[in-house]
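Colleague: Here it is, the structure in full.
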Amino acid sequence: MHTPTLIDMMRQLIASPSVSSVSPAWDQSNAGVIDHLADWCENAGFRVERLPIAGHPGKFNLVASAGSGPDGLVLSGHTDTVPFDETRWNSDPFRITERDDRWYGLGTCDMKGFFAVVLDAIRDLDLTQLAHPLILVATADEESSMSGAKALLDTHRRLGRHAVIGEPTGLRPVRLHKGIGMEALRLRGRSGHSSDPALGNSALEGMHEAIAELLAWRDELQRRQRNPRFAVAVPTVNLGHIHGGDNPNRICAHCELHFDIRPLPGMDLDDLRAEIDRRIGARLADSGLAFERVSLFEGVPAMETAADSAIVRAAEALTGHSAGAVAFATEGPYLNRMGLQTVILGPGCIDQAHQPDEFLSLAQIAPARRIIRGLVERFCVTA
């Protein structure tokens, strides 16, 4: 049985819902996407493993391998999409719609389309004649918990030496990206009648002090940490959500702030969290308020792959672009921890990701196919 055509693969992948979300109301299994990929990879001659993710029912990773040896190439991507608002789409999110030389659909560029392009690029390759292994990896929950990448890391297996993650980069290689942490500050005071401030202890006023300290810390952080390879050359801290109190005439007893941190490569999230705890704790030491910081999720480390690594040099040669840096996070740090040298490189543009009417430009497909095939020939076919 032959691999389906590129458009047929795209249709089936997009038609298989696989939303991942921290909200149970949105979260879905990715089994349908994994089943499609497993069938196509088996038909192409790969050895296929479907790997259930412990503690995440209905979630699976897929590892499809051909050839053997310590070197070789890993082509990796995530099978999940973000949630969506169908009322803001001009076409069915789960159906490929072609218009304006684009394929529209949820996951076309972020990033189910990458799998279809990979399988199309290698459809005539004799996998029994590989000099070095070729491994296709498909993961779960990149858009929410990174449980798929973490589960792969927990296997302590060696997949290969070089890796490409096909996130949408406009076919420009990326070797560095920022990390991300999401934190909550929670202050507890004492409620009371607003006619007499002595009757309570305002958590909302305490949060004013905490925010001032956070912003001062951000300024210091940005003065001492800088990487000109990034469009935003400094680490960022964004105050994204705040809630406190319940009525204008009651002293606020509880206030909560949510914020994110995007560190540069070389900066450790746990060290940054410890700095926050020390500074906010000192600022509020005499306030009488109870304070805690809670990580809203484990976070994703920043990534850096050496500029002189073979995969970076090959990606630069095939694309004609120097490897750059981006602010969004990927599964790259987890693959690097597995002993791989990883570059982020795929069709589509991150500007289309997480948006209504997500699309993949048809003009990206032929060059993506050429680049993928070139990487496979460089790392898997050449002895």
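Each chain of the structure tokens is named A, B, ... in the order shown, its residues numbered from 1; ligands are numbered from 1 in display order.
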What are the closest atom pairs, with distances in Å to one decimal, for each residue of range 138-197 of chain A lying within 9 Å of range 353-366 of chain A, using only C-alpha atoms, rows by chain and rising residue number, as a tab-separated table?

Modeller:
```
residue	atom	partner	partner_atom	distance
A:Pro168	CA	A:Ala353	CA	8.0
A:Gly170	CA	A:Gln364	CA	7.7
A:Leu171	CA	A:Gln364	CA	7.7
```

Colleague: Could the residues in this selection be saved with C-alpha atoms as a PDB file, in the first residue's frame?

Modeller:
```pdb
ATOM      1  CA  PRO A 168       6.700  27.154  11.390  1.00  0.00           C
ATOM      2  CA  GLY A 170       9.235  30.373   7.229  1.00  0.00           C
ATOM      3  CA  LEU A 171      11.893  27.790   6.277  1.00  0.00           C
TER       4      LEU A 171
END
```

Colleague: Give me the residues within 12 Å of Ser195 in chain A as a list in words, counting only C-alpha atoms and dropping any in the same chain fewer than 4 places off.

Modeller: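 Counting only C-alpha atoms, the residues come to Ser191, Leu199, Gly200, Pro248, Asn249, Arg250 and Ile251 of chain A.
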
Colleague: With distances taken over only C-alpha atoms, which residue among A:Thr169, A:Ser91, A:Asn43, A:Gln129 lies nearest Val326 in chain A?

Modeller: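 Looking only at the distances to Val326 in chain A, the closest residue turns out to be A:Thr169.
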
Colleague: Do you have, as JSON lines, the list of residues of range 53-95 of chain A lying at most 6 Å from range 10-32 of chain A, each with its nearest atom pair and that distance in Å to one decimal, counting only C-alpha atoms and ordered by chain then number?

Modeller:
```
{"residue": "A:Gly58", "atom": "CA", "partner": "A:Ser29", "partner_atom": "CA", "distance": 4.8}
{"residue": "A:Lys59", "atom": "CA", "partner": "A:Ser29", "partner_atom": "CA", "distance": 5.5}
{"residue": "A:Asp80", "atom": "CA", "partner": "A:Ser18", "partner_atom": "CA", "distance": 5.0}
{"residue": "A:Thr81", "atom": "CA", "partner": "A:Val19", "partner_atom": "CA", "distance": 4.7}
{"residue": "A:Val82", "atom": "CA", "partner": "A:Val19", "partner_atom": "CA", "distance": 5.5}
{"residue": "A:Pro83", "atom": "CA", "partner": "A:Val19", "partner_atom": "CA", "distance": 5.7}
{"residue": "A:Phe94", "atom": "CA", "partner": "A:Ala15", "partner_atom": "CA", "distance": 4.6}
{"residue": "A:Arg95", "atom": "CA", "partner": "A:Ala15", "partner_atom": "CA", "distance": 5.8}
```

Colleague: Would you please give, as an NGL selection string, all residues of range 130-282 of chain A that DSSP assigns to strand (DSSP E or B) based on the backbone?

Modeller: :A and (134-139 or 162-165 or 174-177 or 180-188 or 190 or 193 or 201 or 236-244 or 250 or 254-262)

Colleague: For Ile276 in chain A, please output as a ChimeraX atom specification all residues within 8 Å (counting only C-alpha atoms; exclusion window: fewer than 4 positions along the same chain).

Modeller: /A:214,272,280

Colleague: Extract, using only C-alpha atoms, all DNA, RNA and protein residues at most 7 Å from range 62-78 of chain A, discarding same-chain residues fewer than 4 positions from it, and format them as a ChimeraX atom specification.

Modeller: /A:34,41,46-51,111,127-128,130,132-140,142,160-166,376,379-380

Colleague: Selected residues, N, CA and C atoms, written as a tab-separated table (two decimals), in the first residue's frame, please.

Modeller:
```tsv
chain	number	residue	atom	x	y	z
A	34	ILE	N	-2.19	10.16	15.59
A	34	ILE	CA	-1.15	9.14	15.75
A	34	ILE	C	-1.46	7.91	14.90
A	41	CYS	N	3.46	5.45	8.16
A	41	CYS	CA	4.87	5.11	8.39
A	41	CYS	C	5.11	3.60	8.24
A	46	PHE	N	8.73	1.89	7.91
A	46	PHE	CA	9.28	2.21	9.22
A	46	PHE	C	8.86	1.18	10.27
A	47	ARG	N	9.68	1.00	11.29
A	47	ARG	CA	9.28	0.28	12.49
A	47	ARG	C	8.59	1.29	13.41
A	48	VAL	N	7.36	1.01	13.79
A	48	VAL	CA	6.53	2.02	14.46
A	48	VAL	C	6.24	1.63	15.90
A	49	GLU	N	6.42	2.57	16.80
A	49	GLU	CA	6.06	2.41	18.21
A	49	GLU	C	5.03	3.47	18.58
A	50	ARG	N	3.88	3.02	19.10
A	50	ARG	CA	2.90	3.92	19.70
A	50	ARG	C	3.14	3.89	21.19
A	51	LEU	N	3.44	5.03	21.79
A	51	LEU	CA	3.86	5.08	23.19
A	51	LEU	C	2.83	5.85	24.01
A	111	MET	N	1.16	22.11	13.77
A	111	MET	CA	2.16	21.89	12.77
A	111	MET	C	1.98	20.53	12.11
A	127	LEU	N	14.09	2.73	2.29
A	127	LEU	CA	14.51	2.77	3.68
A	127	LEU	C	15.43	1.62	4.06
A	128	THR	N	15.46	0.56	3.25
A	128	THR	CA	16.36	-0.56	3.54
A	128	THR	C	17.80	-0.25	3.17
A	130	LEU	N	19.40	2.74	3.86
A	130	LEU	CA	19.94	3.88	4.60
A	130	LEU	C	21.29	3.55	5.22
A	132	HIS	N	22.50	5.54	7.61
A	132	HIS	CA	22.30	5.95	9.00
A	132	HIS	C	20.80	6.06	9.24
A	133	PRO	N	20.37	5.92	10.48
A	133	PRO	CA	18.93	5.85	10.75
A	133	PRO	C	18.18	7.16	10.48
A	134	LEU	N	16.92	6.99	10.12
A	134	LEU	CA	15.96	8.08	9.98
A	134	LEU	C	14.83	7.79	10.95
A	135	ILE	N	14.54	8.75	11.81
A	135	ILE	CA	13.51	8.56	12.85
A	135	ILE	C	12.50	9.70	12.75
A	136	LEU	N	11.23	9.34	12.68
A	136	LEU	CA	10.15	10.33	12.74
A	136	LEU	C	9.53	10.26	14.13
A	137	VAL	N	9.38	11.42	14.76
A	137	VAL	CA	8.82	11.50	16.11
A	137	VAL	C	7.60	12.42	16.08
A	138	ALA	N	6.51	11.96	16.66
A	138	ALA	CA	5.29	12.76	16.79
A	138	ALA	C	4.88	12.75	18.26
A	139	THR	N	4.69	13.93	18.82
A	139	THR	CA	4.46	14.05	20.26
A	139	THR	C	3.08	14.61	20.57
A	140	ALA	N	2.71	14.50	21.83
A	140	ALA	CA	1.43	15.02	22.33
A	140	ALA	C	1.67	16.25	23.20
A	142	GLU	N	2.25	19.47	23.17
A	142	GLU	CA	3.24	20.55	23.14
A	142	GLU	C	2.59	21.89	23.46
A	160	GLY	N	19.10	9.53	18.13
A	160	GLY	CA	19.98	9.84	17.02
A	160	GLY	C	20.95	10.94	17.43
A	161	ARG	N	21.56	11.58	16.45
A	161	ARG	CA	22.53	12.64	16.76
A	161	ARG	C	22.04	14.03	16.33
A	162	HIS	N	21.23	14.09	15.29
A	162	HIS	CA	20.79	15.37	14.73
A	162	HIS	C	19.26	15.38	14.69
A	163	ALA	N	18.67	16.57	14.90
A	163	ALA	CA	17.21	16.65	14.92
A	163	ALA	C	16.73	17.94	14.28
A	164	VAL	N	15.58	17.84	13.62
A	164	VAL	CA	14.86	19.00	13.10
A	164	VAL	C	13.45	18.95	13.67
A	165	ILE	N	13.02	20.04	14.30
A	165	ILE	CA	11.63	20.19	14.73
A	165	ILE	C	10.96	21.13	13.74
A	166	GLY	N	9.88	20.67	13.12
A	166	GLY	CA	9.30	21.39	11.99
A	166	GLY	C	8.30	22.47	12.35
A	376	VAL	N	17.74	14.61	4.80
A	376	VAL	CA	17.72	13.14	4.88
A	376	VAL	C	18.88	12.55	4.09
A	379	PHE	N	22.23	13.24	6.08
A	379	PHE	CA	22.47	12.59	7.36
A	379	PHE	C	22.09	11.10	7.39
A	380	CYS	N	21.33	10.62	6.42
A	380	CYS	CA	20.86	9.23	6.46
A	380	CYS	C	21.32	8.40	5.25
```

Colleague: Could you give me, as a list in words, the residues within 8 Å of Leu176 in chain A, counting only C-alpha atoms and dropping anything in the same chain fewer than 5 positions from it?

Modeller: Pro265, Ala302, Met303, Glu304, Thr305, Gly324, Ala325 and Val326 of chain A

Colleague: Taking N, CA and C atoms for each residue, export the selection above as a JSON list (two decimals), in the first residue's frame.

Modeller:
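Result went into part_18.json, see below:
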```
[["chain", "number", "residue", "atom", "x", "y", "z"],
["A", 265, "PRO", "N", 18.68, 32.02, 26.59],
["A", 265, "PRO", "CA", 19.56, 30.86, 26.81],
["A", 265, "PRO", "C", 20.63, 31.19, 27.85],
["A", 302, "ALA", "N", 14.98, 27.63, 27.96],
["A", 302, "ALA", "CA", 15.50, 28.21, 26.72],
["A", 302, "ALA", "C", 16.35, 27.17, 26.00],
["A", 303, "MET", "N", 16.56, 27.38, 24.71],
["A", 303, "MET", "CA", 17.34, 26.43, 23.90],
["A", 303, "MET", "C", 18.46, 27.14, 23.17],
["A", 304, "GLU", "N", 19.59, 26.47, 23.11],
["A", 304, "GLU", "CA", 20.68, 26.92, 22.25],
["A", 304, "GLU", "C", 21.42, 25.72, 21.71],
["A", 305, "THR", "N", 21.54, 25.64, 20.40],
["A", 305, "THR", "CA", 22.35, 24.63, 19.74],
["A", 305, "THR", "C", 23.56, 25.33, 19.13],
["A", 324, "GLY", "N", 18.92, 31.60, 13.14],
["A", 324, "GLY", "CA", 18.57, 32.74, 13.97],
["A", 324, "GLY", "C", 18.01, 32.34, 15.32],
["A", 325, "ALA", "N", 17.25, 33.28, 15.90],
["A", 325, "ALA", "CA", 16.69, 33.12, 17.24],
["A", 325, "ALA", "C", 15.25, 33.59, 17.23],
["A", 326, "VAL", "N", 14.41, 32.95, 18.05],
["A", 326, "VAL", "CA", 13.00, 33.32, 18.15],
["A", 326, "VAL", "C", 12.60, 33.39, 19.62]]
```

Colleague: When you count only C-alpha atoms, which of these residues is closest to Met9 in chain A: A:His56, A:His254, A:Lys112, A:His193?

Modeller: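 Smallest distance to Met9 in chain A is found for A:Lys112.
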
Colleague: Using only C-alpha atoms, which residue out of A:Thr5, A:Ser147, A:Thr97, A:Asn238 lies closest to Arg123 in chain A?

Modeller: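 Checking each candidate against Arg123 in chain A, we get A:Thr5 as the closest.
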